[in-house]
$ cat start00.cif   # mmCIF, C-alpha atoms
data_structure
#
loop_
_atom_site.group_PDB
_atom_site.id
_atom_site.type_symbol
_atom_site.label_atom_id
_atom_site.label_comp_id
_atom_site.auth_asym_id
_atom_site.auth_seq_id
_atom_site.Cartn_x
_atom_site.Cartn_y
_atom_site.Cartn_z
ATOM 1 C CA MET X 506 4.384 -1.532 -0.569
ATOM 2 C CA ALA X 507 1.518 -3.523 0.278
ATOM 3 C CA ALA X 508 -2.128 -3.003 1.265
ATOM 4 C CA ARG X 509 -2.914 -3.219 4.946
ATOM 5 C CA LYS X 510 -4.076 -6.548 6.392
ATOM 6 C CA GLY X 511 -5.203 -6.189 9.997
ATOM 7 C CA LYS X 512 -2.291 -4.473 11.747
ATOM 8 C CA ARG X 513 0.001 -5.097 8.811
ATOM 9 C CA GLY X 514 0.391 -2.607 6.022
ATOM 10 C CA PRO X 515 2.486 -0.386 3.823
ATOM 11 C CA ALA X 516 4.798 2.462 4.758
ATOM 12 C CA GLY X 517 3.559 5.143 7.124
ATOM 13 C CA ALA X 518 1.927 8.390 6.093
ATOM 14 C CA GLY X 519 5.157 10.347 6.536
ATOM 15 C CA GLU X 520 7.028 8.337 3.939
ATOM 16 C CA ARG X 521 4.084 8.392 1.528
ATOM 17 C CA VAL X 522 3.718 12.179 1.807
ATOM 18 C CA ALA X 523 7.456 12.600 1.268
ATOM 19 C CA ARG X 524 7.201 10.473 -1.866
ATOM 20 C CA LEU X 525 4.215 12.500 -3.113
ATOM 21 C CA MET X 526 6.261 15.676 -2.745
ATOM 22 C CA VAL X 527 8.483 14.222 -5.455
ATOM 23 C CA MET X 528 5.840 12.396 -7.479
ATOM 24 C CA ILE X 529 3.324 15.245 -7.912
ATOM 25 C CA PRO X 530 5.874 17.766 -9.300
ATOM 26 C CA TRP X 531 7.215 14.980 -11.528
ATOM 27 C CA LEU X 532 3.701 14.385 -12.913
ATOM 28 C CA LEU X 533 2.956 18.087 -13.257
ATOM 29 C CA GLU X 534 6.091 18.558 -15.313
ATOM 30 C CA ARG X 535 5.065 15.776 -17.710
ATOM 31 C CA GLY X 536 1.312 16.338 -17.739
ATOM 32 C CA GLU X 537 0.566 12.602 -17.813
ATOM 33 C CA ALA X 538 2.396 9.313 -17.538
ATOM 34 C CA GLU X 539 1.717 5.606 -17.642
ATOM 35 C CA ILE X 540 1.238 4.010 -14.235
ATOM 36 C CA ALA X 541 3.954 1.486 -15.091
ATOM 37 C CA GLN X 542 6.342 4.354 -15.874
ATOM 38 C CA VAL X 543 5.587 6.041 -12.539
ATOM 39 C CA ALA X 544 6.097 2.745 -10.687
ATOM 40 C CA LYS X 545 9.457 2.195 -12.361
ATOM 41 C CA GLU X 546 10.579 5.772 -11.722
ATOM 42 C CA PHE X 547 9.821 5.637 -7.990
ATOM 43 C CA LYS X 548 10.640 1.941 -7.498
ATOM 44 C CA ILE X 549 7.232 0.968 -6.116
ATOM 45 C CA SER X 550 4.414 -1.259 -7.379
ATOM 46 C CA GLU X 551 1.671 -0.025 -9.713
ATOM 47 C CA LYS X 552 -0.835 -0.739 -6.927
ATOM 48 C CA GLN X 553 1.121 1.540 -4.593
ATOM 49 C CA VAL X 554 1.237 4.282 -7.256
ATOM 50 C CA ILE X 555 -2.566 4.265 -7.451
ATOM 51 C CA ALA X 556 -2.834 4.232 -3.639
ATOM 52 C CA ASP X 557 -0.495 7.230 -3.398
ATOM 53 C CA LEU X 558 -2.447 9.132 -6.048
ATOM 54 C CA GLU X 559 -5.674 8.393 -4.180
ATOM 55 C CA LEU X 560 -4.050 9.885 -1.076
ATOM 56 C CA ALA X 561 -3.009 12.947 -3.091
ATOM 57 C CA SER X 562 -6.572 13.447 -4.314
ATOM 58 C CA VAL X 563 -7.728 14.285 -0.770
ATOM 59 C CA CYS X 564 -4.862 16.691 -0.117
ATOM 60 C CA GLY X 565 -5.079 20.434 -0.679
ATOM 61 C CA ALA X 566 -5.703 23.643 1.210
ATOM 62 C CA PRO X 567 -8.565 24.903 3.395
ATOM 63 C CA PRO X 568 -11.547 24.904 3.039
ATOM 64 C CA PHE X 569 -10.815 21.648 1.118
ATOM 65 C CA THR X 570 -13.520 22.112 -1.507
ATOM 66 C CA ALA X 571 -13.218 20.567 -4.954
ATOM 67 C CA TYR X 572 -11.390 23.685 -6.146
ATOM 68 C CA GLU X 573 -8.799 23.496 -3.384
ATOM 69 C CA LEU X 574 -7.765 19.824 -3.730
ATOM 70 C CA ILE X 575 -5.031 18.308 -5.859
ATOM 71 C CA ASP X 576 -6.624 17.164 -9.099
ATOM 72 C CA VAL X 577 -5.655 13.547 -9.806
ATOM 73 C CA TYR X 578 -7.108 11.482 -12.638
ATOM 74 C CA VAL X 579 -6.352 7.820 -13.214
ATOM 75 C CA ASP X 580 -7.681 6.211 -16.376
ATOM 76 C CA GLU X 581 -7.488 2.495 -15.715
ATOM 77 C CA ASP X 582 -8.395 1.570 -19.280
ATOM 78 C CA ASN X 583 -5.481 3.500 -20.740
ATOM 79 C CA VAL X 584 -3.377 3.161 -17.597
ATOM 80 C CA MET X 585 -2.633 6.872 -17.513
ATOM 81 C CA ALA X 586 -2.282 9.321 -14.618
ATOM 82 C CA TYR X 587 -2.619 13.107 -14.532
ATOM 83 C CA ALA X 588 -2.170 15.515 -11.648
ATOM 84 C CA GLY X 589 -3.057 19.209 -11.375
ATOM 85 C CA MET X 590 -2.668 21.616 -8.470
ATOM 86 C CA PRO X 591 -5.427 23.863 -7.036
ATOM 87 C CA THR X 592 -5.039 27.584 -7.663
ATOM 88 C CA VAL X 593 -4.529 28.345 -3.988
ATOM 89 C CA ILE X 594 -1.304 26.326 -3.893
ATOM 90 C CA HIS X 595 0.217 28.655 -6.491
ATOM 91 C CA ARG X 596 -0.350 31.694 -4.263
ATOM 92 C CA PRO X 597 2.762 33.206 -2.649
ATOM 93 C CA LEU X 598 3.509 31.640 0.743
ATOM 94 C CA LYS X 599 4.622 33.467 3.850
ATOM 95 C CA LEU X 600 6.625 31.149 6.066
ATOM 96 C CA ASN X 601 8.211 31.797 9.431
ATOM 97 C CA SER X 602 11.673 30.419 10.205
ATOM 98 C CA ALA X 603 10.369 27.231 11.842
ATOM 99 C CA GLU X 604 8.036 26.477 8.906
ATOM 100 C CA LEU X 605 10.816 27.152 6.411
ATOM 101 C CA PHE X 606 13.178 24.842 8.263
ATOM 102 C CA ALA X 607 10.527 22.087 8.428
ATOM 103 C CA LEU X 608 9.806 22.467 4.708
ATOM 104 C CA MET X 609 13.507 22.286 3.840
ATOM 105 C CA ALA X 610 13.978 19.203 6.035
ATOM 106 C CA MET X 611 10.962 17.450 4.492
ATOM 107 C CA GLY X 612 12.136 18.320 1.000
ATOM 108 C CA ALA X 613 15.645 17.069 1.714
ATOM 109 C CA ALA X 614 14.194 13.796 3.019
ATOM 110 C CA ALA X 615 12.059 13.454 -0.128
ATOM 111 C CA MET X 616 15.112 14.020 -2.323
ATOM 112 C CA ALA X 617 16.862 11.152 -0.553
ATOM 113 C CA LEU X 618 14.089 8.688 -1.449
ATOM 114 C CA PRO X 619 14.389 6.265 -4.391
ATOM 115 C CA GLY X 620 13.126 7.786 -7.626
ATOM 116 C CA ALA X 621 13.810 11.398 -6.638
ATOM 117 C CA ASP X 622 14.856 13.499 -9.619
ATOM 118 C CA LYS X 623 18.070 15.202 -8.536
ATOM 119 C CA HIS X 624 17.520 17.878 -11.182
ATOM 120 C CA GLY X 625 13.713 18.035 -10.995
ATOM 121 C CA PRO X 626 11.284 20.724 -9.796
ATOM 122 C CA LEU X 627 11.536 19.824 -6.107
ATOM 123 C CA ASN X 628 15.309 20.179 -6.165
ATOM 124 C CA ARG X 629 14.994 23.518 -7.958
ATOM 125 C CA ALA X 630 12.418 24.716 -5.395
ATOM 126 C CA LEU X 631 14.721 23.780 -2.528
ATOM 127 C CA ALA X 632 17.549 25.678 -4.195
ATOM 128 C CA LYS X 633 15.355 28.807 -4.276
ATOM 129 C CA LEU X 634 14.343 28.396 -0.620
ATOM 130 C CA ARG X 635 17.854 27.749 0.684
ATOM 131 C CA PRO X 636 19.028 31.422 0.514
ATOM 132 C CA LEU X 637 15.987 32.383 2.618
ATOM 133 C CA MET X 638 17.151 30.311 5.571
ATOM 134 C CA PRO X 639 18.449 32.392 8.528
ATOM 135 C CA SER X 640 22.219 32.762 8.508
ATOM 136 C CA ASP X 641 22.504 31.052 11.903
ATOM 137 C CA ALA X 642 20.273 28.112 10.919
ATOM 138 C CA PRO X 643 21.906 24.673 11.197
ATOM 139 C CA THR X 644 22.839 22.846 8.019
ATOM 140 C CA ILE X 645 20.233 20.254 7.024
ATOM 141 C CA VAL X 646 21.753 16.871 6.269
ATOM 142 C CA VAL X 647 19.409 13.926 5.722
ATOM 143 C CA GLU X 648 20.890 10.455 6.045
ATOM 144 C CA LEU X 649 18.361 7.677 5.589
ATOM 145 C CA PRO X 650 19.305 4.471 7.423
ATOM 146 C CA LYS X 651 20.832 1.926 5.073
ATOM 147 C CA GLU X 652 19.498 -1.580 5.473
ATOM 148 C CA ARG X 653 21.111 -4.645 3.963
ATOM 149 C CA PHE X 654 19.230 -6.222 1.024
ATOM 150 C CA VAL X 655 16.942 -3.193 0.415
ATOM 151 C CA GLU X 656 18.104 -2.614 -3.153
ATOM 152 C CA GLU X 657 18.270 -6.326 -3.997
ATOM 153 C CA ILE X 658 14.715 -6.953 -2.824
ATOM 154 C CA ARG X 659 13.368 -3.770 -4.433
ATOM 155 C CA GLU X 660 14.891 -4.816 -7.759
ATOM 156 C CA ALA X 661 13.483 -8.357 -7.370
ATOM 157 C CA ALA X 662 9.980 -6.907 -6.836
ATOM 158 C CA ILE X 663 10.318 -4.808 -10.005
ATOM 159 C CA VAL X 664 11.595 -7.529 -12.348
ATOM 160 C CA GLY X 665 9.671 -10.406 -10.759
ATOM 161 C CA GLU X 666 12.431 -12.492 -9.217
ATOM 162 C CA ARG X 667 12.093 -15.200 -6.603
ATOM 163 C CA LEU X 668 14.561 -15.130 -3.737
ATOM 164 C CA SER X 669 15.864 -17.842 -1.454
ATOM 165 C CA ILE X 670 16.353 -16.500 2.070
ATOM 166 C CA GLU X 671 17.444 -17.711 5.496
ATOM 167 C CA TYR X 672 15.163 -16.017 8.026
ATOM 168 C CA PHE X 673 15.582 -15.708 11.788
ATOM 169 C CA THR X 674 12.460 -15.717 13.993
ATOM 170 C CA PRO X 675 13.213 -14.230 17.453
ATOM 171 C CA ALA X 676 10.031 -15.629 19.045
ATOM 172 C CA SER X 677 11.175 -19.220 18.523
ATOM 173 C CA GLY X 678 14.913 -18.580 18.120
ATOM 174 C CA SER X 679 14.804 -20.619 14.910
ATOM 175 C CA ARG X 680 16.138 -20.119 11.397
ATOM 176 C CA THR X 681 14.195 -21.272 8.347
ATOM 177 C CA ASN X 682 14.987 -21.447 4.655
ATOM 178 C CA ARG X 683 12.255 -19.971 2.492
ATOM 179 C CA THR X 684 11.645 -19.040 -1.124
ATOM 180 C CA ILE X 685 9.794 -15.755 -1.423
ATOM 181 C CA THR X 686 8.379 -13.685 -4.278
ATOM 182 C CA PRO X 687 8.699 -10.016 -3.216
ATOM 183 C CA ARG X 688 5.681 -7.793 -3.936
ATOM 184 C CA ASN X 689 6.350 -4.584 -1.979
ATOM 185 C CA ILE X 690 9.126 -3.221 0.195
ATOM 186 C CA PHE X 691 8.374 -0.560 2.776
ATOM 187 C CA GLN X 692 9.506 1.007 6.043
ATOM 188 C CA ARG X 693 7.447 0.973 9.231
ATOM 189 C CA GLY X 694 8.361 1.832 12.800
ATOM 190 C CA GLY X 695 12.016 2.360 11.913
ATOM 191 C CA HIS X 696 12.411 -1.035 10.207
ATOM 192 C CA TRP X 697 12.331 -2.166 6.581
ATOM 193 C CA TYR X 698 9.896 -4.921 5.594
ATOM 194 C CA VAL X 699 9.143 -6.893 2.464
ATOM 195 C CA SER X 700 5.643 -8.174 1.697
ATOM 196 C CA ALA X 701 6.120 -11.386 -0.252
ATOM 197 C CA ASP X 702 4.509 -14.650 -1.304
ATOM 198 C CA ASP X 703 6.045 -17.276 0.970
ATOM 199 C CA ASP X 704 6.417 -20.788 -0.463
ATOM 200 C CA ARG X 705 6.852 -22.333 3.003
ATOM 201 C CA SER X 706 3.469 -21.236 4.379
ATOM 202 C CA GLY X 707 1.641 -20.674 1.077
ATOM 203 C CA GLU X 708 0.597 -17.235 2.307
ATOM 204 C CA ARG X 709 1.411 -13.569 1.728
ATOM 205 C CA ARG X 710 3.745 -12.696 4.606
ATOM 206 C CA GLU X 711 5.821 -9.745 5.831
ATOM 207 C CA PHE X 712 9.513 -10.231 6.618
ATOM 208 C CA ARG X 713 11.752 -7.789 8.485
ATOM 209 C CA LEU X 714 14.887 -7.212 6.470
ATOM 210 C CA ASP X 715 17.248 -7.116 9.452
ATOM 211 C CA ARG X 716 16.180 -10.693 10.211
ATOM 212 C CA ILE X 717 17.116 -11.978 6.756
ATOM 213 C CA GLU X 718 20.537 -13.558 7.230
ATOM 214 C CA SER X 719 21.210 -14.603 3.640
ATOM 215 C CA LEU X 720 19.619 -13.938 0.264
ATOM 216 C CA ASN X 721 20.089 -15.539 -3.157
ATOM 217 C CA PRO X 722 18.130 -15.071 -6.417
ATOM 218 C CA THR X 723 16.487 -18.186 -7.894
ATOM 219 C CA GLY X 724 15.063 -16.802 -11.150
ATOM 220 C CA THR X 725 12.019 -14.897 -12.364
ATOM 221 C CA PHE X 726 8.347 -15.834 -12.259
ATOM 222 C CA ASP X 727 5.658 -15.443 -14.903
ATOM 223 C CA PRO X 728 3.999 -12.027 -14.249
ATOM 224 C CA ARG X 729 0.707 -13.473 -15.488
ATOM 225 C CA ASP X 730 0.786 -15.810 -12.483
ATOM 226 C CA VAL X 731 0.654 -13.110 -9.838
ATOM 227 C CA GLU X 732 -1.041 -15.266 -7.192
ATOM 228 C CA PRO X 733 0.184 -18.788 -7.976
ATOM 229 C CA ARG X 734 -1.023 -20.293 -4.700
ATOM 230 C CA GLU X 735 -3.794 -18.081 -3.434
ATOM 231 C CA GLY X 736 -5.381 -17.317 -6.783
ATOM 232 C CA SER X 737 -7.313 -20.542 -7.273
ATOM 233 C CA GLU X 738 -8.336 -20.552 -3.621
ATOM 234 C CA TRP X 739 -9.717 -17.025 -3.749
ATOM 235 C CA PHE X 740 -11.412 -16.992 -7.131
ATOM 236 C CA GLU X 741 -12.667 -20.504 -7.797
ATOM 237 C CA SER X 742 -16.257 -20.653 -9.048
ATOM 238 C CA THR X 743 -18.650 -22.138 -6.459
ATOM 239 C CA GLY X 744 -22.041 -21.141 -7.865
ATOM 240 C CA ARG X 745 -23.183 -20.329 -4.303
ATOM 241 C CA SER X 746 -24.647 -17.247 -2.731
ATOM 242 C CA VAL X 747 -25.139 -16.058 0.834
ATOM 243 C CA LYS X 748 -27.578 -13.547 2.334
ATOM 244 C CA VAL X 749 -26.273 -11.432 5.194
ATOM 245 C CA ARG X 750 -27.334 -8.452 7.285
ATOM 246 C CA VAL X 751 -24.523 -5.920 7.723
ATOM 247 C CA ALA X 752 -24.579 -3.296 10.471
ATOM 248 C CA GLN X 753 -24.463 0.321 9.322
ATOM 249 C CA ARG X 754 -20.931 0.924 10.605
ATOM 250 C CA SER X 755 -19.562 -2.041 8.611
ATOM 251 C CA ARG X 756 -21.403 -1.600 5.317
ATOM 252 C CA PHE X 757 -18.144 -0.626 3.644
ATOM 253 C CA LEU X 758 -17.040 -4.273 3.921
ATOM 254 C CA VAL X 759 -19.550 -5.432 1.290
ATOM 255 C CA GLU X 760 -20.326 -2.319 -0.763
ATOM 256 C CA SER X 761 -17.395 -2.887 -3.129
ATOM 257 C CA TYR X 762 -18.639 -6.358 -4.169
ATOM 258 C CA PRO X 763 -21.262 -7.200 -6.825
ATOM 259 C CA TYR X 764 -24.572 -8.277 -5.285
ATOM 260 C CA LEU X 765 -27.583 -10.349 -6.338
ATOM 261 C CA GLU X 766 -30.050 -8.635 -3.991
ATOM 262 C CA ARG X 767 -29.784 -5.541 -1.820
ATOM 263 C CA LYS X 768 -32.213 -3.915 0.611
ATOM 264 C CA GLU X 769 -31.725 -0.920 2.886
ATOM 265 C CA GLN X 770 -33.066 -1.302 6.449
ATOM 266 C CA ARG X 771 -34.598 1.416 8.624
ATOM 267 C CA ASP X 772 -31.771 1.188 11.159
ATOM 268 C CA GLY X 773 -29.188 1.879 8.447
ATOM 269 C CA SER X 774 -28.117 -1.737 8.141
ATOM 270 C CA LEU X 775 -28.006 -3.513 4.804
ATOM 271 C CA VAL X 776 -29.424 -6.895 3.792
ATOM 272 C CA VAL X 777 -27.489 -8.114 0.790
ATOM 273 C CA LYS X 778 -27.219 -11.344 -1.149
ATOM 274 C CA LEU X 779 -23.681 -11.936 -2.395
ATOM 275 C CA GLY X 780 -22.283 -14.411 -4.863
ATOM 276 C CA VAL X 781 -19.660 -16.548 -3.131
ATOM 277 C CA SER X 782 -16.465 -16.705 -5.174
ATOM 278 C CA SER X 783 -14.834 -19.118 -2.712
ATOM 279 C CA ASP X 784 -15.017 -20.307 0.888
ATOM 280 C CA HIS X 785 -11.658 -18.632 1.454
ATOM 281 C CA TRP X 786 -13.039 -15.237 0.425
ATOM 282 C CA LEU X 787 -16.286 -15.623 2.376
ATOM 283 C CA GLY X 788 -14.539 -16.831 5.518
ATOM 284 C CA ARG X 789 -12.217 -13.815 5.536
ATOM 285 C CA LEU X 790 -15.173 -11.463 5.011
ATOM 286 C CA LEU X 791 -17.099 -12.978 7.921
ATOM 287 C CA VAL X 792 -14.098 -12.793 10.249
ATOM 288 C CA ARG X 793 -13.480 -9.136 9.335
ATOM 289 C CA GLY X 794 -17.101 -8.258 9.991
ATOM 290 C CA GLY X 795 -17.398 -10.192 13.244
ATOM 291 C CA ALA X 796 -20.709 -9.559 14.978
ATOM 292 C CA ASP X 797 -21.539 -6.814 12.459
ATOM 293 C CA ILE X 798 -22.254 -9.414 9.736
ATOM 294 C CA GLU X 799 -25.187 -11.725 10.497
ATOM 295 C CA ILE X 800 -25.752 -14.703 8.189
ATOM 296 C CA LEU X 801 -29.447 -14.987 7.318
ATOM 297 C CA GLU X 802 -29.202 -18.106 5.161
ATOM 298 C CA ASP X 803 -26.759 -20.968 4.585
ATOM 299 C CA ASP X 804 -25.912 -22.770 7.843
ATOM 300 C CA ALA X 805 -22.584 -23.943 6.375
ATOM 301 C CA SER X 806 -21.388 -20.352 6.209
ATOM 302 C CA LYS X 807 -22.008 -19.930 9.953
ATOM 303 C CA VAL X 808 -19.526 -22.739 10.622
ATOM 304 C CA LEU X 809 -17.120 -21.199 8.090
ATOM 305 C CA ARG X 810 -16.593 -18.087 10.236
ATOM 306 C CA ALA X 811 -15.259 -20.112 13.179
ATOM 307 C CA SER X 812 -13.113 -22.414 11.049
ATOM 308 C CA THR X 813 -11.510 -19.468 9.231
ATOM 309 C CA ALA X 814 -10.711 -17.760 12.534
ATOM 310 C CA ARG X 815 -8.975 -20.959 13.721
ATOM 311 C CA GLN X 816 -6.950 -21.146 10.488
ATOM 312 C CA ILE X 817 -5.778 -17.557 10.935
ATOM 313 C CA LEU X 818 -4.651 -18.277 14.497
ATOM 314 C CA ASP X 819 -2.908 -21.488 13.409
ATOM 315 C CA ARG X 820 -0.975 -19.571 10.747
ATOM 316 C CA TYR X 821 1.156 -17.839 13.362
ATOM 317 C CA SER X 822 2.476 -21.152 14.679
ATOM 318 C CA ARG X 823 4.141 -21.949 11.345
#

$ encode --input "start00.cif" --output "structure tokens"
Amino acid sequence: MAARKGKRGPAGAGERVARLMVMIPWLLERGEAEIAQVAKEFKISEKQVIADLELASVCGAPPFTAYELIDVYVDEDNVMAYAGMPTVIHRPLKLNSAELFALMAMGAAAMALPGADKHGPLNRALAKLRPLMPSDAPTIVVELPKERFVEEIREAAIVGERLSIEYFTPASGSRTNRTITPRNIFQRGGHWYVSADDDRSGERREFRLDRIESLNPTGTFDPRDVEPREGSEWFESTGRSVKVRVAQRSRFLVESYPYLERKEQRDGSLVVKLGVSSDHWLGRLLVRGGADIEILEDDASKVLRASTARQILDRYSR
């Protein structure tokens, strides 16, 4: 599962919550686990594991104070994860029939996901809840839609395997042969997608699995070369800097980056001087910020915003 780019992104909240219903009990039972171990167990990337745990850290029970949230700790140095539950979640629950049915259905869906422990705590909890269901309640049967190539692509993303695919594009009615390096596989809007490095365009792209007409493995890649095409473009050393004014509502766009100078303004905006790692990085930042990022110095960067926007639009014609 991949991070969101514009309207693109990973699986929806429903699938992520269902996965957390399996992952959190799994972590609680073990106390701690390596991120790589969690990723392998649930067949997702390490980046997605951390994203899911970050989501869990803001989940809990009213009034959602620090004592009522799920306690998640990720030590990046040791690559370890720990999860603890707030006391309120251990209190006895009183559910009506509709809530019990919804809980059983959600649990059954979670058990059908990859990585679910068929003999784990969630399965045992469902077994305890099942006798409480009304005698006239319908039987809950969860059948997740099976999509061709899901397992093959998920395995390729885990072991680092490049795949040769024939892909159909409905907009143009054309078929193209591509070599992709899968990064994440996820479901969105009722369809399965793979986020992958695409050799044809040189970009990270999303491909709908039901439009992949053939698939063949071509071998593994070096995991140290995670971004073979974009890496040099994003992180080349330029020795440049740019000073910008960022509107208050868009400050989050720059606050995660190291800065050379920083000054708060009375209107809540921020004047910050950033080191420029590459034109590619700066151009994307300026396009994301739009009118909320004003360039105060460096006339070349003003031109860069427009040229990057044109490149993004041109990408969709490939």

$ closest_residue --input "start00.cif" --among "X:Arg793, X:Lys807, X:Lys768, X:Arg653" --to "Ser755 in chain X" --atoms "all atoms listed in the file"
X:Arg793

$ residues_around --input "start00.cif" --residues "Ala661 in chain X" --least-positions-apart "5" --cutoff "9 Å" --atoms "all atoms listed in the file" --output "VMD selection string"
chain X and resid 656 666 to 668 686 to 688 722 725

$ closest_residue --input "start00.cif" --among "X:Lys623, X:Ile690, X:Leu532, X:Pro763" --to "Tyr578 in chain X" --atoms "all atoms listed in the file"
X:Leu532

$ resolve_selection --input "start00.cif" --expression "the PyMOL selection byres ((chain X and resi 554) around 12)" --output "JSON, numbers by chain"
{"X": [506, 507, 508, 521, 524, 525, 528, 529, 532, 538, 539, 540, 541, 542, 543, 544, 545, 546, 547, 548, 549, 550, 551, 552, 553, 555, 556, 557, 558, 559, 560, 561, 577, 579, 584, 585, 586, 689]}

$ residues_around --input "start00.cif" --residues "Ala610 in chain X" --least-positions-apart "4" --cutoff "10 Å" --atoms "only C-alpha atoms" --output "mmCIF file with C-alpha atoms, in the frame of the given file"
data_model
loop_
_atom_site.group_PDB
_atom_site.id
_atom_site.type_symbol
_atom_site.label_atom_id
_atom_site.label_comp_id
_atom_site.auth_asym_id
_atom_site.auth_seq_id
_atom_site.Cartn_x
_atom_site.Cartn_y
_atom_site.Cartn_z
ATOM 1 C CA GLU X 604 8.036 26.477 8.906
ATOM 2 C CA LEU X 605 10.816 27.152 6.411
ATOM 3 C CA PHE X 606 13.178 24.842 8.263
ATOM 4 C CA ALA X 614 14.194 13.796 3.019
ATOM 5 C CA ALA X 615 12.059 13.454 -0.128
ATOM 6 C CA MET X 616 15.112 14.020 -2.323
ATOM 7 C CA LEU X 631 14.721 23.780 -2.528
ATOM 8 C CA THR X 644 22.839 22.846 8.019
ATOM 9 C CA ILE X 645 20.233 20.254 7.024
ATOM 10 C CA VAL X 646 21.753 16.871 6.269
ATOM 11 C CA VAL X 647 19.409 13.926 5.722
#

$ closest_residue --input "start00.cif" --among "X:Asp772, X:Asn601, X:Leu637, X:Ile817" --to "Val792 in chain X" --atoms "all atoms listed in the file"
X:Ile817

$ resolve_selection --input "start00.cif" --expression "the PyMOL selection byres ((chain X and resi 748) around 6)" --output "number ranges by chain"
X: 747, 749, 777-778, 801-802

$ closest_residue --input "start00.cif" --among "X:Leu634, X:Leu714, X:Val751, X:Val522" --to "Arg659 in chain X" --atoms "only C-alpha atoms"
X:Leu714

$ atom_distance --input "start00.cif" --atom1 "CA of Gly536 in chain X" --atom2 "CA of Leu608 in chain X"
24.8 Å

$ resolve_selection --input "start00.cif" --expression "the PyMOL selection byres ((chain X and resi 788) around 9)" --output "PyMOL selection string"
chain X and resi 783-787+789-793+806+809-814

$ closest_residue --input "start00.cif" --among "X:Gln770, X:Ser669, X:Gly724, X:Ser677" --to "Asp704 in chain X" --atoms "all atoms listed in the file"
X:Ser669

$ atom_distance --input "start00.cif" --atom1 "CA of Asp819 in chain X" --atom2 "CA of Thr723 in chain X"
29.0 Å

$ axis_aligned_box --input "start00.cif" --around "range 762-778 of chain X" --padding-each-side "8 Å" --output "JSON"
{"center_x": -26.6, "center_y": -4.7, "center_z": 2.2, "size_x": 32.0, "size_y": 29.2, "size_z": 34.0}

$ atom_distance --input "start00.cif" --atom1 "CA of Gly612 in chain X" --atom2 "CA of Ala642 in chain X"
16.1 Å

$ closest_residue --input "start00.cif" --among "X:Ser562, X:Asn682, X:Asn721, X:Gln692" --to "Glu520 in chain X" --atoms "all atoms listed in the file"
X:Gln692
